[in-house]
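Shown next: start_13.cif, given as mmCIF, C-alpha atoms.
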```
data_target
loop_
_atom_site.label_atom_id
_atom_site.label_comp_id
_atom_site.auth_asym_id
_atom_site.auth_seq_id
_atom_site.Cartn_x
_atom_site.Cartn_y
_atom_site.Cartn_z
CA MET K 11 19.66 4.94 26.12
CA VAL K 12 17.72 1.86 25.23
CA GLY K 13 19.37 -1.52 25.63
CA ALA K 14 17.62 -4.87 25.43
CA LEU K 15 14.03 -5.15 26.62
CA ALA K 16 13.02 -5.50 30.28
CA LEU K 17 9.52 -6.21 31.54
CA CYS K 18 7.83 -5.34 34.82
CA PHE K 19 4.27 -5.61 36.09
CA ALA K 20 2.21 -2.46 36.63
CA ALA K 21 1.09 -1.02 39.97
CA ALA K 22 -2.02 -2.35 41.66
CA LEU K 23 -5.46 -0.74 41.73
CA PRO K 24 -8.80 -2.26 42.78
CA ALA K 25 -10.91 -3.39 39.81
CA ILE K 26 -14.48 -2.25 39.34
CA ALA K 27 -15.44 -4.78 36.67
CA ALA K 28 -15.59 -8.50 37.39
CA GLU K 29 -12.00 -9.60 37.81
CA ALA K 30 -10.45 -12.23 35.57
CA PRO K 31 -8.27 -14.83 37.31
CA PRO K 32 -4.97 -13.16 38.23
CA GLU K 33 -1.86 -13.96 36.23
CA SER K 34 1.24 -14.68 38.26
CA LEU K 35 3.89 -14.35 35.57
CA THR K 36 7.50 -13.31 35.88
CA GLY K 37 10.67 -13.81 33.91
CA ALA K 38 10.58 -16.61 31.37
CA ALA K 39 6.90 -17.35 32.09
CA LEU K 40 5.93 -13.79 31.19
CA LEU K 41 8.05 -13.92 28.06
CA GLN K 42 6.38 -17.18 27.05
CA THR K 43 2.98 -15.53 27.43
CA LEU K 44 4.08 -12.72 25.14
CA ARG K 45 5.34 -15.26 22.64
CA SER K 46 1.93 -16.95 22.68
CA GLY K 47 0.23 -13.71 21.62
CA GLY K 48 -3.09 -12.26 22.73
CA LEU K 49 -1.67 -9.10 24.34
CA ILE K 50 -1.42 -5.42 23.39
CA LEU K 51 1.80 -3.40 23.53
CA TYR K 52 0.96 0.29 23.98
CA PHE K 53 4.05 2.41 23.30
CA ARG K 54 4.44 6.09 23.90
CA HIS K 55 6.60 7.50 21.10
CA THR K 56 10.32 7.66 21.79
CA SER K 57 12.26 10.81 22.77
CA THR K 58 11.22 14.09 21.14
CA ASP K 59 12.46 17.67 20.86
CA PHE K 60 10.49 19.69 23.42
CA GLY K 61 11.76 22.86 21.76
CA GLN K 62 9.17 22.08 19.08
CA ASN K 63 5.38 21.93 19.31
CA ASP K 64 2.29 21.18 17.23
CA ASP K 65 0.59 24.56 17.59
CA ALA K 66 1.14 25.79 14.01
CA MET K 67 0.83 22.52 12.10
CA SER K 68 -1.50 22.61 9.11
CA GLY K 69 -2.24 18.87 9.25
CA TYR K 70 -0.82 15.56 10.36
CA GLU K 71 1.47 15.38 7.31
CA ASP K 72 3.05 18.74 8.22
CA CYS K 73 6.00 17.22 10.08
CA ALA K 74 8.05 20.45 9.89
CA ARG K 75 5.64 22.13 12.33
CA GLN K 76 5.24 19.30 14.83
CA ARG K 77 7.22 18.01 17.79
CA ASN K 78 9.41 15.35 16.26
CA LEU K 79 11.74 12.57 17.36
CA THR K 80 15.30 13.50 18.17
CA ASP K 81 18.17 11.49 16.71
CA GLY K 82 18.37 9.85 20.12
CA GLY K 83 14.68 8.98 19.95
CA ARG K 84 15.18 7.36 16.56
CA ASP K 85 18.04 5.32 17.96
CA GLU K 86 15.86 4.28 20.92
CA ALA K 87 13.13 3.06 18.56
CA ARG K 88 15.59 1.00 16.52
CA ARG K 89 16.98 -0.57 19.68
CA ILE K 90 13.51 -1.40 20.99
CA GLY K 91 12.68 -3.02 17.67
CA GLY K 92 15.86 -5.06 17.79
CA ALA K 93 15.08 -6.22 21.32
CA ILE K 94 11.56 -7.34 20.36
CA LYS K 95 13.02 -9.34 17.50
CA ARG K 96 15.66 -10.93 19.73
CA LEU K 97 12.97 -11.95 22.22
CA ASN K 98 10.89 -13.48 19.39
CA ILE K 99 7.71 -11.65 20.37
CA PRO K 100 5.15 -12.02 17.55
CA ILE K 101 3.65 -8.73 16.38
CA GLY K 102 0.53 -8.62 14.24
CA ASP K 103 -1.16 -5.32 13.46
CA VAL K 104 0.73 -2.11 14.22
CA LEU K 105 -1.42 0.97 14.80
CA ALA K 106 -0.09 4.52 15.09
CA SER K 107 -1.44 7.91 15.98
CA PRO K 108 -1.37 10.16 12.88
CA PHE K 109 1.28 12.50 14.32
CA CYS K 110 4.70 12.28 12.66
CA ARG K 111 6.50 11.27 15.87
CA THR K 112 4.22 8.29 16.49
CA ARG K 113 4.25 7.10 12.89
CA GLU K 114 8.03 7.33 12.81
CA THR K 115 8.31 5.47 16.12
CA ALA K 116 6.17 2.62 14.77
CA GLN K 117 8.10 2.45 11.51
CA LEU K 118 11.46 2.32 13.29
CA ILE K 119 10.38 -0.28 15.85
CA PHE K 120 8.21 -2.53 13.69
CA GLY K 121 8.94 -1.56 10.08
CA ARG K 122 5.30 -0.70 9.40
CA ALA K 123 2.35 1.28 10.70
CA THR K 124 -1.34 1.79 10.02
CA VAL K 125 -2.68 5.17 11.08
CA ALA K 126 -5.72 4.78 13.34
CA SER K 127 -7.93 7.50 14.79
CA ALA K 128 -8.58 5.34 17.85
CA VAL K 129 -5.01 5.90 19.06
CA ARG K 130 -4.62 9.57 18.10
CA GLY K 131 -3.45 12.16 20.60
CA GLY K 132 -5.71 14.24 22.77
CA PRO K 133 -6.10 15.91 26.17
CA ALA K 134 -5.15 14.26 29.43
CA ARG K 135 -8.49 15.38 30.88
CA PRO K 136 -11.09 15.18 28.09
CA ASP K 137 -14.42 16.98 28.43
CA SER K 138 -16.30 13.75 27.68
CA ASP K 139 -15.66 10.07 28.36
CA ASP K 140 -16.57 9.48 24.71
CA ARG K 141 -13.31 11.10 23.59
CA TYR K 142 -11.38 7.87 24.18
CA ALA K 143 -14.24 5.38 23.73
CA GLU K 144 -12.59 3.90 20.62
CA LEU K 145 -9.33 3.47 22.46
CA ARG K 146 -10.98 1.74 25.41
CA LYS K 147 -12.75 -0.63 23.04
CA LEU K 148 -9.50 -1.34 21.21
CA LEU K 149 -7.62 -2.12 24.42
CA SER K 150 -10.40 -4.50 25.47
CA THR K 151 -10.46 -6.43 22.17
CA PRO K 152 -8.16 -9.47 21.81
CA PRO K 153 -5.81 -9.33 18.79
CA ARG K 154 -5.57 -12.00 16.10
CA ALA K 155 -4.67 -15.43 17.43
CA GLY K 156 -0.96 -15.98 17.94
CA THR K 157 -0.07 -12.30 17.63
CA ASN K 158 0.23 -9.21 19.81
CA LEU K 159 -1.19 -5.88 18.73
CA ALA K 160 1.28 -2.97 18.82
CA ILE K 161 0.24 0.65 19.30
CA ALA K 162 2.44 3.74 18.94
CA SER K 163 0.64 6.63 20.58
CA HIS K 164 1.06 9.34 23.24
CA GLY K 165 1.15 9.90 26.97
CA ASN K 166 -2.12 11.80 27.43
CA PRO K 167 -4.56 9.19 26.08
CA PHE K 168 -2.99 6.43 28.17
CA HIS K 169 -3.07 8.59 31.29
CA ALA K 170 -6.69 9.56 30.60
CA VAL K 171 -8.00 6.03 30.21
CA THR K 172 -5.92 4.42 32.93
CA ASP K 173 -5.78 7.18 35.54
CA THR K 174 -2.21 6.17 36.25
CA GLN K 175 1.17 7.84 35.91
CA TYR K 176 2.41 8.87 32.49
CA LEU K 177 4.43 6.54 30.36
CA THR K 178 7.83 8.07 29.71
CA GLU K 179 8.84 8.58 26.10
CA GLY K 180 9.76 5.18 24.66
CA GLU K 181 8.07 3.22 27.45
CA ALA K 182 5.27 0.72 26.81
CA ALA K 183 2.49 -0.92 28.77
CA VAL K 184 1.59 -4.56 28.12
CA ILE K 185 -2.17 -5.04 28.24
CA ARG K 186 -4.39 -8.10 28.57
CA PRO K 187 -7.72 -7.48 26.76
CA LEU K 188 -10.68 -8.80 28.77
CA GLY K 189 -13.53 -8.20 26.34
CA ALA K 190 -16.65 -6.88 28.07
CA GLN K 191 -14.71 -6.71 31.36
CA GLY K 192 -12.31 -4.11 29.98
CA PHE K 193 -8.58 -4.70 30.12
CA ARG K 194 -5.72 -5.25 32.53
CA ILE K 195 -2.21 -3.83 32.44
CA VAL K 196 -0.01 -6.82 33.20
CA ALA K 197 3.50 -5.63 32.39
CA GLY K 198 5.67 -2.86 31.06
CA PHE K 199 8.57 -2.33 28.68
CA PRO K 200 10.86 0.27 30.25
CA ARG K 201 13.41 2.04 28.07
CA MET K 202 16.05 -0.23 29.52
CA ALA K 203 18.08 -3.28 28.68
CA GLY K 204 17.09 -6.79 29.55
CA THR K 205 16.64 -10.40 28.66
CA HIS K 206 13.93 -12.81 29.82
CA SER K 207 15.91 -13.41 33.00
CA GLN K 208 15.31 -9.76 33.96
CA LEU K 209 11.52 -9.90 33.66
CA ARG K 210 9.95 -9.24 37.04
CA SER K 211 6.42 -8.93 38.35
CA TYR K 212 4.42 -6.21 40.07
CA PRO K 213 0.85 -6.29 41.46
CA GLN K 214 -1.81 -6.06 38.73
CA ARG K 215 -4.65 -3.74 37.94
CA THR K 216 -7.79 -4.11 35.85
CA THR K 217 -9.59 -1.39 33.91
CA SER K 218 -13.33 -1.51 33.56
CA LEU K 219 -15.14 -0.48 30.39
CA VAL K 220 -18.10 0.71 32.44
CA CYS K 221 -16.17 3.19 34.61
CA PRO K 222 -13.49 4.80 32.43
CA LYS K 223 -12.43 7.48 34.91
CA ARG K 224 -11.57 4.98 37.62
CA ILE K 225 -9.32 2.48 35.86
CA PHE K 226 -7.22 1.60 32.77
CA PHE K 227 -7.78 3.03 29.23
CA SER K 228 -5.21 5.01 26.95
CA ALA K 229 -3.39 8.44 26.27
CA SER K 230 -1.15 11.04 24.29
CA VAL K 231 1.25 13.98 24.69
#
```

Would you write out, as structure tokens, the structure that this file holds?
Amino acid sequence: MVGALALCFAAALPAIAAEAPPESLTGAALLQTLRSGGLILYFRHTSTDFGQNDDAMSGYEDCARQRNLTDGGRDEARRIGGAIKRLNIPIGDVLASPFCRTRETAQLIFGRATVASAVRGGPARPDSDDRYAELRKLLSTPPRAGTNLAIASHGNPFHAVTDTQYLTEGEAAVIRPLGAQGFRIVAGFPRMAGTHSQLRSYPQRTTSLVCPKRIFFSASV
């Protein structure tokens, strides 16, 4: 079950691009940074029914033949949304993969969603680096001033562009866009309860735009 929001820093990995000055943020300091905006929250959709699949779907609007959220997953999304509101984290644009489970996740967490091809699902090991080029560019681009960009997507794209472990369903990565240098994963939203006093840090990792297979970009499952 999802309680209030907790935040933790992501695992370390050597950067290939020029490194931006490290951020040493934990607890209230990290929360204050989120409240100032300028970050990206990449969510994997909340819990789904693995007895379903997308093999026979006729299109993205064909929800009846896709893997959809469970009632528990819908409850998780509502709780995550409530936690973000309680923590007063400003959310600007909300982008969602066109699959029904990601659109529903975004709607339940944020109350809105714009479908974007840049965050659509795909393979964990794409044949070409170009498959997730739009996603890498998006994660490297700062959002509108004073806001955080929210993304509801999948596990595979994130795994593919970051070469890190999969996000669990309902988990999010907090990303610092670095422009031409790529992006850095600075924190995470586990599917767990928490207040700002529970925010804790981990070593950081930067993802380079020029070497997508070695560091952080995004995913879907």

For atom CA of Pro108 of chain K and atom CA of Ala128 of chain K, the interatomic separation in Å (one decimal): 10.0 Å

Where does segment 27-112 of chain K meet segment 172-177 of chain K within 10 Å, residue by residue, with the nearest atom pair and distance in Å to one decimal for each, counting all atoms listed in the file, listed by chain and rising number, as CSV?
```
residue,atom,partner,partner_atom,distance
K:Tyr52,CA,K:Leu177,CA,9.6
K:Phe53,CA,K:Leu177,CA,8.2
K:Arg54,CA,K:Leu177,CA,6.5
K:His55,CA,K:Leu177,CA,9.6
```

Non-local contacts of Gly132 of chain K (7 Å; all atoms listed in the file; under 2 positions in same chain excluded) as a PyMOL selection string: chain K and resi 130+134+166-167+230

Explicit residues for the PyMOL selection byres ((chain K and resi 153) around 10) (as a ChimeraX atom specification): /K:47-50,101-103,148-152,154-160,186-187

Straight-line distance linking atom CA of Ile94 of chain K with atom CA of Thr124 of chain K, stated in Å to one decimal: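 Going from atom CA of Ile94 of chain K over to atom CA of Thr124 of chain K, I get 18.9 Å.
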
Separation of atom CA of Glu114 of chain K from atom CA of Arg84 of chain K in Å: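 Distance between the two atoms: 8.1 Å.
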
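Distance check against His169 of chain K using all atoms listed in the file: of K:Arg45, K:Arg146, K:Arg141, K:Arg135, the minimum falls on K:Arg135.
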
Picked residues, the PyMOL selection byres ((chain K and resi 87-91) around 12), expected as number ranges by chain: K: 11-16, 53-58, 79-86, 92-101, 111-122, 160, 162, 179-182, 199-204

Exercise: Asp65 of chain K partners within 10 Å, all atoms listed in the file, chain neighbours under 4 positions left out, as a list in words: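 So the residues in contact are Arg75, Gln76 and Arg77 of chain K.
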
Given 8 Å of margin on each side, can you work out the centre and size in Å (one decimal) of an axis-aligned box holding every listed atom of segment 145-163 of chain K, as AutoDock Vina command-line options?
```
--center_x -5.2 --center_y -4.7 --center_z 20.8 --size_x 31.2 --size_y 38.6 --size_z 25.4
```

Pick from K:Val184, K:Leu51, K:Cys73, K:Ala39 nearest to Val104 of chain K, counting all atoms listed in the file: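 Selected residue with least distance to Val104 of chain K: K:Leu51.
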
Selection under test: the PyMOL selection byres ((chain K and resi 70) around 8); residues as a list of chain:residue names: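 Output from the PyMOL selection byres ((chain K and resi 70) around 8), applied to this file: K:Met67, K:Ser68, K:Gly69, K:Glu71, K:Asp72, K:Cys73, K:Pro108, K:Phe109, K:Cys110.
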
Could you turn the residues from that selection into a file that holds C-alpha atoms, as an mmCIF file, in the frame of the given file?
```cif
data_model
loop_
_atom_site.group_PDB
_atom_site.id
_atom_site.type_symbol
_atom_site.label_atom_id
_atom_site.label_comp_id
_atom_site.auth_asym_id
_atom_site.auth_seq_id
_atom_site.Cartn_x
_atom_site.Cartn_y
_atom_site.Cartn_z
ATOM 1 C CA MET K 67 0.830 22.520 12.100
ATOM 2 C CA SER K 68 -1.500 22.610 9.110
ATOM 3 C CA GLY K 69 -2.240 18.870 9.250
ATOM 4 C CA GLU K 71 1.470 15.380 7.310
ATOM 5 C CA ASP K 72 3.050 18.740 8.220
ATOM 6 C CA CYS K 73 6.000 17.220 10.080
ATOM 7 C CA PRO K 108 -1.370 10.160 12.880
ATOM 8 C CA PHE K 109 1.280 12.500 14.320
ATOM 9 C CA CYS K 110 4.700 12.280 12.660
#
```
